[in-house]
Amino acid sequence: MQPLSNLRVLDFTTLLPGPLATLYLAEAGARVVKVERPEGDPGRSNKPERGKQSLQFALLNRGKIGLVADLKDPSMYKRIRDLAVEADVLVEQFRPGVMARLGLGYEDLRKDNPRLVYCSITGFGQDGPLAHRAGHDLTYLARAGMLRLTADSAGKPVLPPGQIADVGGGSLSAVISILTALHHREATGQGVHLDISMTENLFPWMARALAPVFDGARPPVPGGGRHTGGSPRYGIHFSSDGVPFAIAPLEEKFWQTFCGIIGVPEDLRGNAADPEIVSAEIERRMAARSAAELEAMFEGQDVCVERVRDTREAVDDEHFSARGTFERRISLPDGSTIPAIPMPFPNSFLGADTVCAPGLGVTIQELHNPWGEATGWKG
């Protein structure tokens, strides 16, 4: 039995933060009913597609039960409320107050379901001056000060390579909070309203930058922190054929080994050496060799150096293949499959290897008992 197999989750979320959070729950066995408006989750239109199925939507929603309902239609209200009253967890991603106006707010539902764990994911939280402010991952990073920490050579903040606020501040924070709340419910018999602010939850990711601020010092200078360009022991350098390498020999034992391999002079290895001079020396010596030569030199050495790979190379990497990272599959409408997003759980916690994402079209009137019905569940 999967650890969350008795959990019933009602999911009103779209795009990335909420769908990824409920995917974690679904992969561990929870029965997740995904409620979509008649036109569907906007994520269904994201490219690329295969067999009219968005691959991103499939990655984030595999194993869930799809349900279509117009939340503004009074005739559907009772059915939706009945589902919520029977749910263990409800996850929503609307702006504060929207669910309450629909009669589906936490205070409305807890009267009939006091054990309900109600999770609201928003950019800035349920209250405060910015509660109703629109935003996306990039603007949340900007508001929290994270985007200012990394800048290019001209001092311009660079676009992040992933959705840090959406996933770290939203999805992962929601899952941790939900599982903690379920433990609380077992002890007290009472549910709770979880207020997940994607921006607020970025601050734990910035402990190194916050420490000097809390000590009364100036905020870290962009490009000047140990992990943001201010240390020669942590950065990006290029080979003679233009291939980037990430170097991170922070600890002294790694640093001395790294310097010895590429030939950094002894007088530039100490903490008293000028960081700009040391970085220039590393850049010069790395640029004197091809990527193949550098990889051969670093192979088998404890130096914390990796060639920067693209996503295709990463998915095909022999290490991840040996661990079976992408072995589980998602079925698509055209009969093909793609790898599923890897989960951090033991394999014994996971369900079927091949699972489909829900289609769009089953209405709440047609799906009589989604908590006990197999249709559209795992296919």
# chains A, B, ... in the order shown; residues from 1 in each chain; ligands from 1
call {"tool": "closest_atom_pairs", "arguments": {"of": "stretch 26-101 of chain A", "to": "stretch 117-123 of chain A", "cutoff": "12 Å", "atoms": "only C-alpha atoms", "output": "JSON lines"}}
result
{"residue": "A:Ala84", "atom": "CA", "partner": "A:Tyr118", "partner_atom": "CA", "distance": 9.8}
{"residue": "A:Val85", "atom": "CA", "partner": "A:Val117", "partner_atom": "CA", "distance": 11.0}
{"residue": "A:Glu86", "atom": "CA", "partner": "A:Val117", "partner_atom": "CA", "distance": 11.5}
{"residue": "A:Ala87", "atom": "CA", "partner": "A:Val117", "partner_atom": "CA", "distance": 8.6}
{"residue": "A:Asp88", "atom": "CA", "partner": "A:Val117", "partner_atom": "CA", "distance": 6.2}
{"residue": "A:Val89", "atom": "CA", "partner": "A:Val117", "partner_atom": "CA", "distance": 4.7}
{"residue": "A:Leu90", "atom": "CA", "partner": "A:Tyr118", "partner_atom": "CA", "distance": 4.8}
{"residue": "A:Val91", "atom": "CA", "partner": "A:Cys119", "partner_atom": "CA", "distance": 4.7}
{"residue": "A:Glu92", "atom": "CA", "partner": "A:Ser120", "partner_atom": "CA", "distance": 5.1}
{"residue": "A:Gln93", "atom": "CA", "partner": "A:Ile121", "partner_atom": "CA", "distance": 4.9}
{"residue": "A:Phe94", "atom": "CA", "partner": "A:Thr122", "partner_atom": "CA", "distance": 7.0}
{"residue": "A:Arg95", "atom": "CA", "partner": "A:Thr122", "partner_atom": "CA", "distance": 6.5}
{"residue": "A:Pro96", "atom": "CA", "partner": "A:Thr122", "partner_atom": "CA", "distance": 7.7}
{"residue": "A:Gly97", "atom": "CA", "partner": "A:Ser120", "partner_atom": "CA", "distance": 10.5}
{"residue": "A:Val98", "atom": "CA", "partner": "A:Ser120", "partner_atom": "CA", "distance": 10.9}
{"residue": "A:Met99", "atom": "CA", "partner": "A:Ser120", "partner_atom": "CA", "distance": 9.7}
{"residue": "A:Ala100", "atom": "CA", "partner": "A:Ser120", "partner_atom": "CA", "distance": 11.7}
call {"tool": "residues_around", "arguments": {"residues": "A:Phe298", "least_positions_apart": "6", "cutoff": "10 Å", "atoms": "only C-alpha atoms", "output": "list in words"}}
result
Thr257, Phe258, Ile261, Ile262, Cys304, Val305 and Glu306 of chain A
call {"tool": "closest_residue", "arguments": {"among": "A:Leu179, A:Leu360, A:Ala280, A:Ile196", "to": "A:Asp41", "atoms": "only C-alpha atoms"}}
result
A:Leu360
call {"tool": "select_by_dssp", "arguments": {"residues": "stretch 91-164 of chain A", "states": "strand (DSSP E)", "output": "ChimeraX atom specification"}}
result
/A:91-92,117-122
call {"tool": "residues_around", "arguments": {"residues": "A:Gly125", "least_positions_apart": "4", "cutoff": "7 Å", "atoms": "only C-alpha atoms", "output": "tab-separated table (two decimals) with C-alpha atoms, in the first residue's frame"}}
result
chain	number	residue	atom	x	y	z
A	131	ALA	CA	-2.11	40.23	-1.01
A	195	ASP	CA	-1.33	30.24	3.87
A	196	ILE	CA	1.49	29.59	1.34
A	197	SER	CA	3.19	32.80	0.16
call {"tool": "atom_distance", "arguments": {"atom1": "atom CA of A:Thr228", "atom2": "atom CA of A:Ala151"}}
result
7.9 Å
call {"tool": "atom_distance", "arguments": {"atom1": "atom CA of A:Ile176", "atom2": "atom CA of A:Leu194"}}
result
10.7 Å
call {"tool": "closest_residue", "arguments": {"among": "A:Asp215, A:Ser231, A:His183, A:Lys34", "to": "A:Ala357", "atoms": "only C-alpha atoms"}}
result
A:Lys34
call {"tool": "atom_distance", "arguments": {"atom1": "atom CA of A:Glu186", "atom2": "atom CA of A:Leu7"}}
result
12.8 Å
call {"tool": "residues_around", "arguments": {"residues": "A:Gly235", "least_positions_apart": "2", "cutoff": "7 Å", "atoms": "only C-alpha atoms", "output": "PyMOL selection string"}}
result
chain A and resi 229+232-233+237+246-248
call {"tool": "residues_around", "arguments": {"residues": "A:Thr150", "least_positions_apart": "4", "cutoff": "9 Å", "atoms": "only C-alpha atoms", "output": "list in words"}}
result
Met146, Gly155, Lys156, Pro157, Val158, Val221, Pro222, Gly223, Gly224, Gly225, His227, Thr228 and Gly229 of chain A
call {"tool": "write_last_selection", "arguments": {"atoms": "C-alpha atoms", "output": "PDB file, in the first residue's frame"}}
result
ATOM      1  CA  MET A 146      16.963  37.158  -4.488  1.00  0.00           C
ATOM      2  CA  GLY A 155      25.700  44.520 -13.056  1.00  0.00           C
ATOM      3  CA  LYS A 156      22.396  43.509 -14.611  1.00  0.00           C
ATOM      4  CA  PRO A 157      20.434  40.771 -12.764  1.00  0.00           C
ATOM      5  CA  VAL A 158      20.178  37.643 -14.896  1.00  0.00           C
ATOM      6  CA  VAL A 221      26.816  43.402  -3.258  1.00  0.00           C
ATOM      7  CA  PRO A 222      25.612  41.791  -6.516  1.00  0.00           C
ATOM      8  CA  GLY A 223      28.399  39.619  -7.807  1.00  0.00           C
ATOM      9  CA  GLY A 224      30.308  40.075  -4.567  1.00  0.00           C
ATOM     10  CA  GLY A 225      29.107  37.248  -2.328  1.00  0.00           C
ATOM     11  CA  HIS A 227      28.284  32.159  -4.034  1.00  0.00           C
ATOM     12  CA  THR A 228      27.421  35.015  -6.378  1.00  0.00           C
ATOM     13  CA  GLY A 229      30.701  35.863  -8.085  1.00  0.00           C
TER      14      GLY A 229
END
call {"tool": "select_by_dssp", "arguments": {"residues": "stretch 256-288 of chain A", "states": "alpha helix (DSSP H)", "output": "ChimeraX atom specification"}}
result
/A:256-262,275-286
call {"tool": "write_last_selection", "arguments": {"atoms": "N, CA and C atoms", "output": "short mmCIF file (atom, residue, chain, number, x, y, z; two decimals), in the first residue's frame"}}
result
data_model
loop_
_atom_site.label_atom_id
_atom_site.label_comp_id
_atom_site.auth_asym_id
_atom_site.auth_seq_id
_atom_site.Cartn_x
_atom_site.Cartn_y
_atom_site.Cartn_z
N GLN A 256 42.91 23.15 -3.00
CA GLN A 256 44.32 22.85 -3.24
C GLN A 256 44.48 21.81 -4.35
N THR A 257 43.59 20.81 -4.35
CA THR A 257 43.65 19.80 -5.42
C THR A 257 43.36 20.42 -6.78
N PHE A 258 42.32 21.27 -6.82
CA PHE A 258 41.96 21.93 -8.08
C PHE A 258 43.11 22.79 -8.59
N CYS A 259 43.68 23.61 -7.73
CA CYS A 259 44.77 24.49 -8.13
C CYS A 259 45.97 23.68 -8.63
N GLY A 260 46.24 22.56 -7.96
CA GLY A 260 47.36 21.73 -8.39
C GLY A 260 47.14 21.14 -9.78
N ILE A 261 45.91 20.74 -10.07
CA ILE A 261 45.62 20.12 -11.36
C ILE A 261 45.78 21.11 -12.51
N ILE A 262 45.28 22.34 -12.34
CA ILE A 262 45.36 23.29 -13.46
C ILE A 262 46.61 24.17 -13.39
N PRO A 275 41.28 38.31 -5.10
CA PRO A 275 40.34 37.43 -5.79
C PRO A 275 40.27 37.66 -7.29
N GLU A 276 40.37 38.91 -7.73
CA GLU A 276 40.28 39.18 -9.16
C GLU A 276 41.48 38.62 -9.90
N ILE A 277 42.65 38.70 -9.29
CA ILE A 277 43.86 38.14 -9.91
C ILE A 277 43.78 36.63 -9.98
N VAL A 278 43.30 36.01 -8.88
CA VAL A 278 43.16 34.55 -8.85
C VAL A 278 42.15 34.09 -9.90
N SER A 279 41.02 34.77 -10.00
CA SER A 279 40.00 34.40 -10.99
C SER A 279 40.55 34.52 -12.41
N ALA A 280 41.32 35.58 -12.65
CA ALA A 280 41.91 35.77 -13.98
C ALA A 280 42.90 34.65 -14.30
N GLU A 281 43.64 34.21 -13.29
CA GLU A 281 44.60 33.11 -13.50
C GLU A 281 43.87 31.81 -13.81
N ILE A 282 42.78 31.54 -13.07
CA ILE A 282 41.98 30.33 -13.34
C ILE A 282 41.40 30.40 -14.74
N GLU A 283 40.88 31.56 -15.11
CA GLU A 283 40.29 31.73 -16.43
C GLU A 283 41.34 31.47 -17.53
N ARG A 284 42.53 32.00 -17.33
CA ARG A 284 43.58 31.82 -18.32
C ARG A 284 43.97 30.35 -18.47
N ARG A 285 44.13 29.67 -17.36
CA ARG A 285 44.58 28.28 -17.40
C ARG A 285 43.48 27.34 -17.91
N MET A 286 42.21 27.62 -17.57
CA MET A 286 41.12 26.81 -18.10
C MET A 286 41.00 27.01 -19.61
#
call {"tool": "closest_residue", "arguments": {"among": "A:Ile341, A:Leu109, A:Met297, A:Val9", "to": "A:Arg81", "atoms": "only C-alpha atoms"}}
result
A:Leu109
call {"tool": "closest_residue", "arguments": {"among": "A:Val167, A:Leu294, A:Ala211, A:Leu25", "to": "A:Arg62", "atoms": "only C-alpha atoms"}}
result
A:Leu25
call {"tool": "residues_around", "arguments": {"residues": "A:Lys52", "least_positions_apart": "6", "cutoff": "12 Å", "atoms": "only C-alpha atoms", "output": "PyMOL selection string"}}
result
chain A and resi 44-46+58+332-335+359-360
call {"tool": "closest_residue", "arguments": {"among": "A:Leu147, A:Leu182, A:Leu159, A:Leu104", "to": "A:Arg8", "atoms": "only C-alpha atoms"}}
result
A:Leu182
